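Novice: Dumping the structure here so I can ask a few things about it.
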Amino acid sequence: MRQIVWALGLGAMLTVNATLADAPLTVTQKGLQFSVTELDAKKGQTVVFVNDDHTTHNITVTGDGNGVNVNGGLQPPGGEFRMPFLKAGTYAVTCGIHPKMKLTVVVK
Amino acid sequence: MMNTRSSALAVLLMPVIAVVMVQGALADPANGQSGSAKLQAALADYRRPAKVPAPKSNPVTADKVALGQALFFDPRMSGSGALSCASCHNPGLAWADGLPKGLGHLGGRLGRHTPTILNVAFGEPYFWDGRATTLEDQAKGPLVSSAEMNMPAADAVERVQSIPGYVRMFSQAYPGQPITIDTIAAAIATFERTVLSGTAPFDRWVNGDDAAVSDAAKAGFELFNGKANCSVCHVGWRFSDDGFHDIGLSSADPGRAHIAPGIVQLQQAFKTPTLRNVTQHGPYMHDGSLATLAAVIDHYDAAFVRRPSLDTQMHPLNLNAEEKSELLAFLDSLTSVDTPVTVPVLPH
């Protein structure tokens, strides 16, 4: 739960900078896959994960040695999870329920 | 892909109508697509892939398969000298053991049901809780577990090195590489990638043979993708999303939550098992608590435990006796008649 709150807190911070940041990137989850397997983002950019499946998903984001470890909780069909990437680095994104779903986000 | 269509099927198809649609005689006025076309589209999602995957780091070769097969069937690879991988993954029992829970070192009862290894090449992550991300890692687990084969890694290497026939086989399979627990596991994993279910009646139906399965099985397929909601997790040609779900069994085993804490839905959640040859590898569920497929259907119909972690797709199905029978007929159509397995003469 603390991780979710932390993520929401980051989201709130992002809204302050939203006008300065690049437009959000959207990744869909459909057919038990992410719409892309690799994604380039800019520091501060938000990625919106959209569940277009008929099953519940989860977004778990782990940074490569930069301390970021976010669990987005349950994401029902049709639901969105917005994740601001505030630190440069390489992030592994997966679904905790369907761990075959994998995405790498590179933030520069 | 399947999930989207399965929802449409759930709304549009009733079993009696479905049989007519199978015959291509009914058009769906709601979207202009014929019932037959919709059915064919649904069936296409269950088409078997042409290639078996293998990691670039451990491609399949005949020498590796032969080595891995010998290791798989060799009881000398256990601390007691009495257990092999095949003791629990018995090819005569659809590569499972037919027991509610497996038997390990010196007959000790294990905590979970032995899953089949049929089509395991496609099924990462491995174990009921997904704790192994590769088949190579999985192959190591039972070998070195003190509760299972009780063969510490160093002992396994020493045992193999003491058998000249194995030393020769390793030099052919992994030239220039030392015998280690990693190469032992890699060989076993390579053999396991060759363990595939054969063509089932359902596959022949998918490939266009309408007479391959009964009308009851066809109606069961519609239920599977519709009212019974099975395909939300049992998706694709192996009938598994390789995901983790709490389906409301009374077991206290934390399952996936032990590996991936922090997600309520993963409490008491276990990997979706394949339904290929499912009539042959009961009893069912991670705890082997349901003896028959009829009991499994009754469980999903209404007998599950309601709790916060219960998968959101679990809800009472209100299936009648005929529908349950049709689902059983469909599940029966997933079993192939496979070529008998030859147990290898082990190296000395």
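Lettering and numbering for the structure tokens are positional, with chains as A, B, ... in the shown order, residues counted from 1 in each chain, and ligands counted from 1 in the shown order.
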Leaving out Lys271 of chain B and any residue of its chain fewer than 2 positions from it, which residues lie within 8 Å of it when counting only C-alpha atoms, given as a PyMOL selection string?
Specialist: chain B and resi 127-130+242-245+256+269+273
Novice: Contacts of Pro99 of chain A at 10 Å or less, counting only C-alpha atoms, minus same-chain residues fewer than 4 places along, as a ChimeraX atom specification?
Specialist: /A:32-33,57-60,93-95 /B:124-125,130,133,241-244
Novice: Store the residues picked out above in a file with C-alpha atoms, as an mmCIF file, in the first residue's frame.
Specialist:
data_model
loop_
_atom_site.group_PDB
_atom_site.id
_atom_site.type_symbol
_atom_site.label_atom_id
_atom_site.label_comp_id
_atom_site.auth_asym_id
_atom_site.auth_seq_id
_atom_site.Cartn_x
_atom_site.Cartn_y
_atom_site.Cartn_z
ATOM 1 C CA LEU A 32 -1.775 -10.791 -22.130
ATOM 2 C CA GLN A 33 0.872 -8.645 -23.794
ATOM 3 C CA HIS A 57 -3.607 -6.898 -14.492
ATOM 4 C CA ASN A 58 -0.965 -5.296 -12.331
ATOM 5 C CA ILE A 59 1.924 -3.001 -13.107
ATOM 6 C CA THR A 60 5.151 -3.579 -11.240
ATOM 7 C CA VAL A 93 7.882 -3.447 -16.163
ATOM 8 C CA THR A 94 5.855 -6.580 -15.645
ATOM 9 C CA CYS A 95 2.467 -7.780 -14.520
ATOM 10 C CA GLU B 124 7.522 -20.017 -18.116
ATOM 11 C CA PRO B 125 7.611 -19.151 -15.271
ATOM 12 C CA GLY B 130 6.448 -19.268 -10.567
ATOM 13 C CA THR B 133 11.900 -17.968 -14.535
ATOM 14 C CA ASP B 241 -2.167 -17.795 -19.374
ATOM 15 C CA ASP B 242 0.876 -18.797 -17.299
ATOM 16 C CA GLY B 243 -0.543 -16.389 -14.757
ATOM 17 C CA PHE B 244 -1.385 -16.687 -11.076
#
Novice: Which distance in Å separates atom CA of Asp298 of chain B and atom CA of Leu93 of chain B, to one decimal?
Specialist: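 Computing the Euclidean distance for atom CA of Asp298 of chain B and atom CA of Leu93 of chain B yields 24.0 Å.
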Novice: For chain A, list the residues within 10 Å of chain B, counting only C-alpha atoms, and write the list as a ChimeraX atom specification.
Specialist: /A:1-4,30-33,52-58,60,71-74,76,95-101
Novice: Compare A:Gly78, A:Pro24, A:Gly63, A:Gly44 by their minimum atom-to-atom distance to Val105 of chain A, counting only C-alpha atoms, and give me the closest one.
Specialist: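 So, comparing all the options, the nearest one is A:Gly63.
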Novice: At a cut-off of 12 Å, using only C-alpha atoms, what residues contact segment 39-41 of chain A? Leave out same-chain residues fewer than 3 positions from it and give the result as a VMD selection string.
Specialist: chain A and resid 21 to 27 34 to 36 44 to 48 83 to 93 102 to 108
Novice: For Ala139 of chain B, work out the shell of residues within 10 Å, counting only C-alpha atoms and skipping chain neighbours fewer than 3 positions away, then give it as number ranges by chain.
Specialist: B: 72, 85, 126, 132, 134-136, 142-144, 181-182, 184-190, 192
Novice: Can those selected residues be exported to a file as a PDB file, in the first residue's frame so that it contains C-alpha atoms?
Specialist:
ATOM      1  CA  PHE B  72      15.837 -37.363 -16.413  1.00  0.00           C
ATOM      2  CA  CYS B  85      12.796 -36.829 -12.336  1.00  0.00           C
ATOM      3  CA  TYR B 126       7.791 -22.512 -13.549  1.00  0.00           C
ATOM      4  CA  ALA B 132      11.797 -20.238 -11.523  1.00  0.00           C
ATOM      5  CA  THR B 134      13.630 -20.440 -16.854  1.00  0.00           C
ATOM      6  CA  LEU B 135      13.285 -24.151 -17.455  1.00  0.00           C
ATOM      7  CA  GLU B 136      16.977 -24.507 -16.671  1.00  0.00           C
ATOM      8  CA  PRO B 142      13.859 -30.592  -7.377  1.00  0.00           C
ATOM      9  CA  LEU B 143      17.317 -32.059  -7.931  1.00  0.00           C
ATOM     10  CA  VAL B 144      18.978 -30.131  -5.111  1.00  0.00           C
ATOM     11  CA  ILE B 181      25.024 -28.234 -12.012  1.00  0.00           C
ATOM     12  CA  ASP B 182      24.179 -25.674 -14.693  1.00  0.00           C
ATOM     13  CA  ILE B 184      23.262 -30.843 -15.898  1.00  0.00           C
ATOM     14  CA  ALA B 185      20.148 -28.690 -15.571  1.00  0.00           C
ATOM     15  CA  ALA B 186      20.538 -27.365 -19.114  1.00  0.00           C
ATOM     16  CA  ALA B 187      20.581 -30.897 -20.510  1.00  0.00           C
ATOM     17  CA  ILE B 188      17.516 -31.914 -18.510  1.00  0.00           C
ATOM     18  CA  ALA B 189      15.709 -28.754 -19.644  1.00  0.00           C
ATOM     19  CA  THR B 190      16.599 -29.521 -23.249  1.00  0.00           C
ATOM     20  CA  GLU B 192      11.988 -31.538 -21.314  1.00  0.00           C
TER      21      GLU B 192
END
Novice: Using the chain letters and numbers from this document, which residues of segment 59-198 of chain B does DSSP assign to strand (DSSP E or B), as a PyMOL selection string?
Specialist: chain B and resi 90+96+103+109+126+132
Novice: Write the residues of the selection above to a file with N, CA and C atoms, as a PDB file, in the first residue's frame.
Specialist:
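Output (result-v8.pdb):
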ATOM      1  N   ASN B  90       6.093 -39.024 -14.521  1.00  0.00           N
ATOM      2  CA  ASN B  90       6.053 -40.348 -15.136  1.00  0.00           C
ATOM      3  C   ASN B  90       5.351 -40.267 -16.488  1.00  0.00           C
ATOM      4  N   ALA B  96       3.080 -36.850 -15.004  1.00  0.00           N
ATOM      5  CA  ALA B  96       2.805 -36.445 -13.625  1.00  0.00           C
ATOM      6  C   ALA B  96       2.876 -37.725 -12.787  1.00  0.00           C
ATOM      7  N   LEU B 103       5.662 -37.375  -3.829  1.00  0.00           N
ATOM      8  CA  LEU B 103       6.472 -38.043  -2.814  1.00  0.00           C
ATOM      9  C   LEU B 103       7.931 -37.717  -3.091  1.00  0.00           C
ATOM     10  N   ARG B 109       6.097 -36.755   2.016  1.00  0.00           N
ATOM     11  CA  ARG B 109       5.008 -36.122   1.253  1.00  0.00           C
ATOM     12  C   ARG B 109       5.372 -34.668   0.982  1.00  0.00           C
ATOM     13  N   TYR B 126       8.019 -21.134 -13.940  1.00  0.00           N
ATOM     14  CA  TYR B 126       7.791 -22.512 -13.549  1.00  0.00           C
ATOM     15  C   TYR B 126       7.544 -22.654 -12.049  1.00  0.00           C
ATOM     16  N   ALA B 132      10.710 -20.050 -10.549  1.00  0.00           N
ATOM     17  CA  ALA B 132      11.797 -20.238 -11.523  1.00  0.00           C
ATOM     18  C   ALA B 132      11.399 -19.583 -12.838  1.00  0.00           C
TER      19      ALA B 132
END
Novice: Based on the backbone DSSP call, show me all residues of chain A assigned helix (DSSP H, G or I), as a PyMOL selection string.
Specialist: chain A and resi 2-17
Novice: In Å, with one decimal, what is the gap from atom CA of Ala42 of chain B to atom CA of Thr272 of chain B?
Specialist: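 Taking atom CA of Ala42 of chain B and atom CA of Thr272 of chain B, their separation equals 20.2 Å.
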Novice: Could you list, as a list in words, every residue within 10 Å of Ser250 of chain B, counting only C-alpha atoms and ignoring same-chain residues fewer than 5 positions away?
Specialist: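 With the cut-off at 10 Å, the set is Gln268, Asp287, Ser289, Phe304, Val305 and Arg306 of chain B.
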Novice: Take the residues that were just selected and, keeping N, CA and C atoms, output them as a PDB file, in the first residue's frame.
Specialist:
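Written output follows (selection.pdb):
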ATOM      1  N   GLN B 268      -2.548 -16.847  -1.989  1.00  0.00           N
ATOM      2  CA  GLN B 268      -3.124 -18.153  -2.312  1.00  0.00           C
ATOM      3  C   GLN B 268      -3.385 -18.306  -3.822  1.00  0.00           C
ATOM      4  N   ASP B 287      -3.060 -28.403  -4.884  1.00  0.00           N
ATOM      5  CA  ASP B 287      -3.018 -29.255  -3.700  1.00  0.00           C
ATOM      6  C   ASP B 287      -3.597 -30.635  -3.969  1.00  0.00           C
ATOM      7  N   SER B 289      -6.475 -31.516  -4.471  1.00  0.00           N
ATOM      8  CA  SER B 289      -7.641 -31.739  -3.600  1.00  0.00           C
ATOM      9  C   SER B 289      -8.895 -32.162  -4.351  1.00  0.00           C
ATOM     10  N   PHE B 304     -16.318 -22.411  -4.490  1.00  0.00           N
ATOM     11  CA  PHE B 304     -15.071 -21.745  -4.100  1.00  0.00           C
ATOM     12  C   PHE B 304     -15.265 -20.868  -2.868  1.00  0.00           C
ATOM     13  N   VAL B 305     -14.136 -20.630  -2.171  1.00  0.00           N
ATOM     14  CA  VAL B 305     -14.138 -19.801  -0.968  1.00  0.00           C
ATOM     15  C   VAL B 305     -14.078 -18.332  -1.383  1.00  0.00           C
ATOM     16  N   ARG B 306     -14.967 -17.541  -0.822  1.00  0.00           N
ATOM     17  CA  ARG B 306     -14.949 -16.088  -1.095  1.00  0.00           C
ATOM     18  C   ARG B 306     -13.991 -15.415  -0.113  1.00  0.00           C
TER      19      ARG B 306
END
Novice: Hey, which of B:Leu310, B:Leu99, B:Met169, B:Leu346 ends up closest to Met285 of chain B? Count only C-alpha atoms.
Specialist: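 Nearest candidate to Met285 of chain B out of B:Leu310, B:Leu99, B:Met169, B:Leu346: B:Leu99.
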Novice: Quick one: of B:Pro201, B:Arg112, B:Ala321, B:Ser240, who's nearest to Gly255 of chain B, counting only C-alpha atoms?
Specialist: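 Of B:Pro201, B:Arg112, B:Ala321, B:Ser240, the one nearest Gly255 of chain B is B:Arg112, counting only C-alpha atoms.
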Novice: If you measure from atom CA of Thr279 of chain B to atom CA of Asp332 of chain B, what distance in Å do you get, rounded to one decimal?
Specialist: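 Interatomic distance, atom CA of Thr279 of chain B to atom CA of Asp332 of chain B: 6.2 Å.
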Novice: Compare B:Gln177, B:Leu67, B:Ala212, B:His113 by their minimum atom-to-atom distance to Leu290 of chain B, counting only C-alpha atoms, and give me the closest one.
Specialist: B:His113
